[in-house]
file target-v2.csv (CSV, C-alpha atoms)
chain,number,residue,atom,x,y,z
O,1,MET,CA,157.0,143.2,188.8
O,2,ALA,CA,154.8,142.9,185.8
O,3,ALA,CA,156.0,144.4,182.5
O,4,ILE,CA,152.5,144.6,181.2
O,5,TYR,CA,149.8,145.9,183.5
O,6,SER,CA,146.6,145.5,181.5
O,7,LEU,CA,145.1,145.0,178.0
O,8,TYR,CA,142.0,146.6,176.6
O,9,ILE,CA,140.2,146.0,173.3
O,10,ILE,CA,137.5,148.5,172.3
O,11,ASN,CA,135.1,148.3,169.3
O,12,LYS,CA,134.7,151.0,166.7
O,13,SER,CA,132.0,152.8,168.7
O,14,GLY,CA,134.1,153.0,171.9
O,15,GLY,CA,132.6,150.1,173.8
O,16,LEU,CA,134.9,147.9,175.8
O,17,ILE,CA,134.8,144.3,174.5
O,18,PHE,CA,137.8,142.9,176.3
O,19,TYR,CA,139.7,143.8,179.4
O,20,LYS,CA,142.4,141.8,181.2
O,21,ASP,CA,144.4,142.9,184.2
O,22,TYR,CA,147.9,141.5,184.7
O,23,GLY,CA,148.6,142.7,188.2
O,24,SER,CA,148.2,146.5,188.6
O,25,ALA,CA,147.7,147.9,192.0
O,26,GLY,CA,144.1,148.7,192.8
O,27,ARG,CA,142.5,147.1,189.8
O,28,MET,CA,139.5,148.8,188.2
O,29,ASP,CA,136.0,147.5,188.5
O,30,THR,CA,133.8,146.9,185.5
O,31,ASN,CA,132.2,150.3,185.4
O,32,ASP,CA,135.5,152.1,185.6
O,33,SER,CA,137.1,150.0,182.9
O,34,LEU,CA,134.2,150.8,180.6
O,35,ARG,CA,134.5,154.5,181.4
O,36,VAL,CA,138.2,154.5,180.8
O,37,ALA,CA,137.8,152.7,177.5
O,38,SER,CA,135.2,155.1,176.1
O,39,LEU,CA,137.2,158.1,177.4
O,40,TRP,CA,140.3,156.8,175.5
O,41,HIS,CA,138.1,156.4,172.4
O,42,SER,CA,137.2,160.0,172.4
O,43,MET,CA,140.7,161.2,173.3
O,44,HIS,CA,142.0,159.3,170.4
O,45,ALA,CA,139.4,161.0,168.1
O,46,ILE,CA,140.2,164.5,169.5
O,47,SER,CA,144.0,164.0,169.0
O,48,GLN,CA,143.2,163.5,165.2
O,49,GLN,CA,141.4,166.8,165.1
O,50,LEU,CA,144.2,168.7,166.7
O,51,SER,CA,146.8,167.5,164.2
O,52,PRO,CA,148.9,170.2,162.6
O,53,THR,CA,149.2,168.2,159.4
O,54,VAL,CA,146.8,166.0,157.4
O,55,GLY,CA,146.6,162.2,157.8
O,56,CYS,CA,146.6,161.8,161.5
O,57,SER,CA,145.4,158.5,162.8
O,58,GLY,CA,145.3,159.1,166.5
O,59,ILE,CA,147.5,158.5,169.6
O,60,GLU,CA,150.0,155.7,169.3
O,61,LEU,CA,151.9,156.1,172.5
O,62,LEU,CA,151.0,158.0,175.7
O,63,GLU,CA,153.9,158.4,178.1
O,64,ALA,CA,152.6,158.9,181.6
O,65,ASP,CA,154.6,159.3,184.8
O,66,THR,CA,154.2,155.7,185.9
O,67,PHE,CA,153.2,153.8,182.8
O,68,ASP,CA,153.2,153.8,179.0
O,69,LEU,CA,150.1,153.2,176.9
O,70,HIS,CA,150.6,151.8,173.5
O,71,CYS,CA,147.6,151.8,171.2
O,72,PHE,CA,147.0,150.1,167.9
O,73,GLN,CA,144.0,150.8,165.7
O,74,SER,CA,143.0,148.2,163.1
O,75,LEU,CA,141.6,149.3,159.7
O,76,THR,CA,138.1,148.5,160.9
O,77,GLY,CA,138.4,150.9,163.9
O,78,THR,CA,138.9,148.3,166.6
O,79,LYS,CA,141.5,149.6,169.1
O,80,PHE,CA,143.9,147.5,171.1
O,81,PHE,CA,145.9,149.1,173.9
O,82,VAL,CA,148.3,147.9,176.5
O,83,VAL,CA,149.3,149.6,179.7
O,84,CYS,CA,152.9,148.7,180.5
O,85,GLU,CA,155.9,149.9,182.5
O,86,PRO,CA,157.6,153.0,181.2
O,87,GLY,CA,160.1,152.1,178.4
O,88,THR,CA,158.9,148.5,177.8
O,89,PRO,CA,160.2,147.6,174.3
O,90,HIS,CA,158.4,145.5,171.6
O,91,MET,CA,155.0,146.7,172.5
O,92,GLU,CA,154.0,147.5,168.8
O,93,SER,CA,154.8,144.0,167.8
O,94,LEU,CA,153.0,142.5,170.8
O,95,LEU,CA,149.9,144.5,169.7
O,96,LYS,CA,150.2,143.1,166.2
O,97,VAL,CA,150.4,139.6,167.6
O,98,ILE,CA,147.3,140.2,169.7
O,99,TYR,CA,145.5,141.6,166.7
O,100,GLU,CA,146.4,138.4,164.8
O,101,LEU,CA,145.0,136.3,167.6
O,102,TYR,CA,141.9,138.4,167.6
O,103,THR,CA,141.3,137.8,163.9
O,104,ASP,CA,142.1,134.1,164.2
O,105,TYR,CA,140.2,133.1,167.3
O,106,VAL,CA,137.5,135.8,167.7
O,107,LEU,CA,136.5,136.9,164.2
O,108,LYS,CA,136.7,133.4,162.8
O,109,ASN,CA,134.6,132.1,165.6
O,110,PRO,CA,131.1,131.5,164.2
O,111,PHE,CA,129.5,132.0,167.5
O,112,TYR,CA,131.0,135.5,168.0
O,113,GLU,CA,128.8,138.4,167.4
O,114,MET,CA,130.6,141.5,166.0
O,115,GLU,CA,131.2,144.4,168.4
O,116,MET,CA,130.1,142.3,171.4
O,117,PRO,CA,132.2,141.4,174.4
O,118,ILE,CA,134.8,138.7,173.7
O,119,ARG,CA,134.2,135.4,175.4
O,120,CYS,CA,136.4,132.9,173.5
O,121,GLU,CA,138.3,130.4,175.4
O,122,LEU,CA,140.9,129.8,172.7
O,123,PHE,CA,141.6,133.5,172.5
O,124,ASP,CA,142.2,133.7,176.2
O,125,ILE,CA,144.6,130.7,176.1
O,126,HIS,CA,146.6,132.0,173.2
O,127,LEU,CA,146.7,135.5,174.6
O,128,THR,CA,148.1,134.3,177.9
O,129,GLN,CA,150.8,132.4,176.0
O,130,ALA,CA,151.6,135.4,173.8
O,131,ILE,CA,152.1,137.7,176.8
O,132,GLN,CA,154.2,135.1,178.6
O,133,LYS,CA,156.3,134.5,175.5
O,134,ASP,CA,156.9,138.2,175.3
O,135,ARG,CA,157.9,138.2,178.9
O,136,VAL,CA,160.4,135.4,178.2
O,137,ALA,CA,161.7,137.3,175.3
O,138,LEU,CA,162.3,140.3,177.5
O,139,LEU,CA,164.1,138.2,180.1
O,140,GLY,CA,166.3,136.6,177.5
O,141,ARG,CA,167.5,139.9,176.1
N,1,MET,CA,169.6,165.1,173.1
N,2,GLN,CA,168.7,163.1,170.0
N,3,PHE,CA,165.7,164.4,168.1
N,4,PHE,CA,165.6,162.2,165.1
N,5,GLY,CA,165.6,158.4,165.0
N,6,GLY,CA,166.8,156.3,162.1
N,7,SER,CA,165.4,156.9,158.7
N,8,GLU,CA,162.7,154.2,158.5
N,9,ILE,CA,159.9,154.3,156.1
N,10,SER,CA,156.6,155.2,157.8
N,11,PRO,CA,153.4,157.1,156.9
N,12,SER,CA,154.7,160.1,159.0
N,13,PRO,CA,155.3,163.3,157.2
N,14,PRO,CA,158.9,164.1,156.1
N,15,ALA,CA,160.7,166.4,158.6
N,16,PRO,CA,160.7,169.9,157.3
N,17,THR,CA,164.2,170.9,156.4
N,18,GLN,CA,163.8,174.7,155.8
N,19,SER,CA,165.5,176.6,158.6
N,20,GLY,CA,165.8,173.3,160.5
N,21,ASN,CA,162.5,174.0,162.3
N,22,ASN,CA,160.3,171.0,163.1
N,23,ALA,CA,158.2,172.6,165.8
N,24,HIS,CA,154.5,173.0,164.8
N,25,MET,CA,152.9,175.1,167.5
N,26,MET,CA,152.9,175.9,171.2
N,27,TYR,CA,150.2,176.7,173.7
N,28,ILE,CA,150.4,178.1,177.3
N,29,PHE,CA,147.3,177.8,179.5
N,30,ASN,CA,146.8,179.0,183.0
N,31,ARG,CA,145.0,176.9,185.6
N,32,ASN,CA,141.6,178.3,184.6
N,33,GLY,CA,142.0,177.1,181.0
N,34,VAL,CA,142.7,180.6,179.6
N,35,CYS,CA,145.0,180.4,176.6
N,36,LEU,CA,147.8,182.8,177.6
N,37,LEU,CA,149.9,182.3,174.5
N,38,TYR,CA,149.5,180.5,171.2
N,39,ARG,CA,152.5,180.4,168.8
N,40,GLU,CA,152.4,178.8,165.4
N,41,TRP,CA,155.4,178.0,163.3
N,42,ASN,CA,154.4,175.3,160.9
N,43,ARG,CA,150.7,174.3,160.7
N,44,PRO,CA,149.4,173.6,157.3
N,45,LEU,CA,146.1,172.2,158.6
N,46,HIS,CA,143.5,174.2,160.5
N,47,THR,CA,140.3,172.3,161.3
N,48,LEU,CA,138.7,174.7,163.8
N,49,ASP,CA,138.7,178.4,164.5
N,50,PRO,CA,141.4,179.5,167.0
N,51,GLN,CA,139.1,179.7,170.1
N,52,GLN,CA,137.6,176.3,169.5
N,53,ASP,CA,141.0,174.9,168.9
N,54,HIS,CA,142.3,176.2,172.2
N,55,LYS,CA,139.3,174.9,174.1
N,56,LEU,CA,139.6,171.5,172.5
N,57,MET,CA,143.3,171.3,173.3
N,58,PHE,CA,142.7,172.2,177.0
N,59,GLY,CA,139.8,169.7,177.1
N,60,LEU,CA,142.1,167.0,175.7
N,61,LEU,CA,144.8,167.6,178.3
N,62,PHE,CA,142.3,167.8,181.1
N,63,SER,CA,140.7,164.5,180.2
N,64,LEU,CA,143.9,162.8,179.4
N,65,LYS,CA,145.1,163.8,182.9
N,66,SER,CA,142.1,162.3,184.6
N,67,LEU,CA,142.5,159.2,182.4
N,68,THR,CA,146.1,158.7,183.5
N,69,ALA,CA,145.3,159.5,187.1
N,70,LYS,CA,142.6,156.8,187.1
N,71,MET,CA,144.7,154.3,185.1
N,72,ASP,CA,147.9,154.6,187.2
N,73,PRO,CA,148.8,151.0,187.8
N,74,THR,CA,151.2,151.6,190.7
N,75,SER,CA,148.9,153.2,193.3
N,76,PRO,CA,145.9,151.4,194.8
N,77,GLY,CA,143.5,154.2,195.9
N,78,LYS,CA,142.7,156.6,193.1
N,79,GLY,CA,139.2,157.8,193.6
N,80,ASN,CA,136.7,158.1,190.8
N,81,LEU,CA,137.4,158.9,187.2
N,82,GLY,CA,137.4,162.7,186.6
N,83,VAL,CA,137.7,163.6,190.3
N,84,PRO,CA,139.2,167.1,190.5
N,85,GLN,CA,142.9,167.1,191.2
N,86,LEU,CA,145.4,169.8,192.0
N,87,PRO,CA,148.5,170.3,189.8
N,88,GLY,CA,151.1,167.7,190.8
N,89,GLN,CA,148.5,165.4,192.4
N,90,GLY,CA,147.8,162.0,190.8
N,91,CYS,CA,149.6,160.4,187.9
N,92,SER,CA,150.1,162.9,185.0
N,93,PHE,CA,151.7,162.4,181.6
N,94,HIS,CA,154.5,164.2,179.8
N,95,SER,CA,154.0,163.4,176.2
N,96,PHE,CA,152.0,161.5,173.6
N,97,ARG,CA,152.8,160.6,170.0
N,98,THR,CA,150.6,160.1,166.9
N,99,ASN,CA,151.8,159.3,163.4
N,100,THR,CA,151.9,163.1,162.5
N,101,TYR,CA,153.0,164.9,165.6
N,102,LYS,CA,154.3,164.6,169.1
N,103,LEU,CA,152.8,166.6,172.0
N,104,SER,CA,154.9,167.4,175.0
N,105,PHE,CA,153.2,168.6,178.1
N,106,MET,CA,154.4,170.2,181.3
N,107,GLU,CA,152.4,171.6,184.2
N,108,SER,CA,153.9,173.8,186.8
N,109,PRO,CA,152.8,173.7,190.5
N,110,SER,CA,150.8,176.9,189.9
N,111,GLY,CA,148.8,175.2,187.1
N,112,ILE,CA,150.6,176.8,184.1
N,113,LYS,CA,150.5,174.3,181.3
N,114,ILE,CA,153.0,174.4,178.5
N,115,ILE,CA,152.3,172.4,175.4
N,116,LEU,CA,154.7,172.0,172.5
N,117,LEU,CA,153.8,170.1,169.3
N,118,THR,CA,156.7,168.8,167.3
N,119,HIS,CA,157.6,166.3,164.7
N,120,PRO,CA,156.8,162.7,165.8
N,121,LYS,CA,160.4,161.6,165.8
N,122,THR,CA,161.4,164.3,168.4
N,123,GLY,CA,163.0,163.0,171.5
N,124,ASP,CA,162.3,163.7,175.1
N,125,LEU,CA,161.5,167.4,175.5
N,126,ARG,CA,160.9,167.6,179.3
N,127,GLU,CA,164.1,169.6,179.9
N,128,SER,CA,163.2,172.0,177.0
N,129,LEU,CA,159.8,172.7,178.5
N,130,LYS,CA,161.4,173.4,181.8
N,131,TYR,CA,163.6,175.9,180.0
N,132,ILE,CA,160.6,177.5,178.4
N,133,TYR,CA,159.0,177.7,181.8
N,134,ASN,CA,162.1,179.6,183.0
N,135,LEU,CA,161.8,182.0,180.1
N,136,TYR,CA,158.2,182.5,181.1
N,137,VAL,CA,159.2,183.3,184.6
N,138,GLU,CA,162.0,185.6,183.6
N,139,TYR,CA,160.2,187.6,180.9
N,140,VAL,CA,156.5,187.4,181.7
N,141,VAL,CA,156.1,186.9,185.5
N,142,LYS,CA,158.8,189.4,186.3
N,143,ASN,CA,157.4,191.9,183.9
N,144,PRO,CA,155.7,194.6,186.0
N,145,LEU,CA,153.3,195.5,183.2
N,146,TYR,CA,152.0,192.0,182.9
N,147,ALA,CA,148.6,191.3,184.6
N,148,PRO,CA,148.3,187.6,185.5
N,149,GLY,CA,145.7,185.7,183.6
N,150,THR,CA,145.8,187.9,180.5
N,151,PRO,CA,147.2,186.9,177.1
N,152,ILE,CA,151.0,187.3,177.0
N,153,ARG,CA,152.2,190.3,175.0
N,154,CYS,CA,155.8,190.5,175.9
N,155,GLU,CA,158.1,191.0,172.9
N,156,LEU,CA,161.2,189.8,174.8
N,157,PHE,CA,159.5,186.6,175.7
N,158,THR,CA,158.3,185.8,172.2
N,159,THR,CA,161.6,186.6,170.5
N,160,ASN,CA,163.5,184.5,173.0
N,161,LEU,CA,161.0,181.7,172.7
N,162,ASP,CA,161.2,181.7,168.9
N,163,GLN,CA,164.9,181.6,169.1
N,164,TYR,CA,165.0,178.8,171.6
N,165,VAL,CA,162.4,176.6,169.8
N,166,ARG,CA,164.3,177.0,166.6
N,167,SER,CA,167.5,175.8,168.4
N,168,ILE,CA,165.9,172.7,169.9
N,169,ALA,CA,163.9,171.6,166.9

call {"tool": "encode", "arguments": {"input": "target-v2.csv", "output": "structure tokens"}}
result
Amino acid sequence: MAAIYSLYIINKSGGLIFYKDYGSAGRMDTNDSLRVASLWHSMHAISQQLSPTVGCSGIELLEADTFDLHCFQSLTGTKFFVVCEPGTPHMESLLKVIYELYTDYVLKNPFYEMEMPIRCELFDIHLTQAIQKDRVALLGR
Amino acid sequence: MQFFGGSEISPSPPAPTQSGNNAHMMYIFNRNGVCLLYREWNRPLHTLDPQQDHKLMFGLLFSLKSLTAKMDPTSPGKGNLGVPQLPGQGCSFHSFRTNTYKLSFMESPSGIKIILLTHPKTGDLRESLKYIYNLYVEYVVKNPLYAPGTPIRCELFTTNLDQYVRSIA
């Protein structure tokens, strides 16, 4: 059973630029993943409007019946979110690691165009490692 | 139940200490999206007028529910995004957290939605929402003068609700 079901990265205007599935039942097709990503972008914005106090920066954790969704928004508005099993720990730090990989292997790639879908082999390789390492860390605990 | 985690430094607001109340506000919607009750205990920021606020809240819950139903990684056949679903059908959610508040959500089989906004460090409130639903059944549904689908104006309900929310938060 996978601890992490899927990973999404969306750009500042809500477009899906990266999606990877790690074994969820009935995986989504491309159109659905794009829709889900832009829906999440708007839900994130609405949650800021409904805040009872000032300084709200959007949903960080959504607890559904069968999964948890952890979201991290970078200062430039790129959102990273993982869908994982309920109660999976260390997801905030995993998102930070993924963000670091993104800055290192995507943003520093001279052939990468901003806000466009991510197609960087090195990013894929390191991402796979990071997620496995995290799994190992979970097993060792 | 534990409502406050450790005292770590974060950009979240300090927990209000006066009267030990950290609940912000509460909404009750029926299945048609009519706001039956809106209570406010501690809300310094108003961005919209009340009606727009209620509509936005209902819209947020509705869309989040269709999102979770579509995203559900444990069931293979889920239909299209936004396909209408009955209460209790599909994968729903029970809470979400931002840096400034936590929203807890419960939907009864008849489509009554109870929403409670509290301090972000509040623990699991599912049992508390069930208790509030019981209060609703006792003091609102069993009130012979209450017409279903109209805004709740039952003094006993609001006083008991205020008392209970003060005790949990």

call {"tool": "closest_residue", "arguments": {"input": "target-v2.csv", "among": "O:Gly77, O:Leu61, O:Tyr22, O:Ile118", "to": "O:Met91", "atoms": "all atoms listed in the file"}}
result
O:Leu61

call {"tool": "interface_residues", "arguments": {"input": "target-v2.csv", "of": "chain N", "to": "chain O", "cutoff": "9 Å", "atoms": "all atoms listed in the file", "output": "PyMOL selection string"}}
result
chain N and resi 11-13+24-25+42-48+53+56-57+60+63-64+67-68+70-78+80-81+91-101+117

call {"tool": "atom_distance", "arguments": {"input": "target-v2.csv", "atom1": "atom CA of N:Leu36", "atom2": "atom CA of N:Gly149"}}
result
7.0 Å

call {"tool": "atom_distance", "arguments": {"input": "target-v2.csv", "atom1": "atom CA of O:Pro89", "atom2": "atom CA of N:Phe105"}}
result
22.5 Å

call {"tool": "residues_around", "arguments": {"input": "target-v2.csv", "residues": "O:Ser38", "least_positions_apart": "4", "cutoff": "8 Å", "atoms": "all atoms listed in the file", "output": "ChimeraX atom specification"}}
result
/O:10,14-16,34,42

call {"tool": "atom_distance", "arguments": {"input": "target-v2.csv", "atom1": "atom CA of O:Phe18", "atom2": "atom CA of N:Gly90"}}
result
26.0 Å

call {"tool": "residues_around", "arguments": {"input": "target-v2.csv", "residues": "N:Glu127", "least_positions_apart": "3", "cutoff": "12 Å", "atoms": "only C-alpha atoms", "output": "PyMOL selection string"}}
result
chain N and resi 1+94+104-106+123-124+130-134+168

call {"tool": "closest_residue", "arguments": {"input": "target-v2.csv", "among": "O:Val106, O:Ile98, O:Val82, O:Met114", "to": "O:Leu127", "atoms": "all atoms listed in the file"}}
result
O:Ile98

call {"tool": "axis_aligned_box", "arguments": {"input": "target-v2.csv", "around": "stretch 154-157 of chain N", "padding_each_side": "5 Å", "output": "lines of an AutoDock Vina configuration file"}}
result
center_x = 158.5
center_y = 188.8
center_z = 174.4
size_x = 15.4
size_y = 14.4
size_z = 13.0

call {"tool": "closest_residue", "arguments": {"input": "target-v2.csv", "among": "N:Lys102, N:Lys65, N:Lys113, N:Arg166", "to": "N:Ile28", "atoms": "all atoms listed in the file"}}
result
N:Lys113

call {"tool": "closest_residue", "arguments": {"input": "target-v2.csv", "among": "O:Tyr19, O:Phe111, O:Phe72, O:Phe123", "to": "O:Leu94", "atoms": "all atoms listed in the file"}}
result
O:Phe72
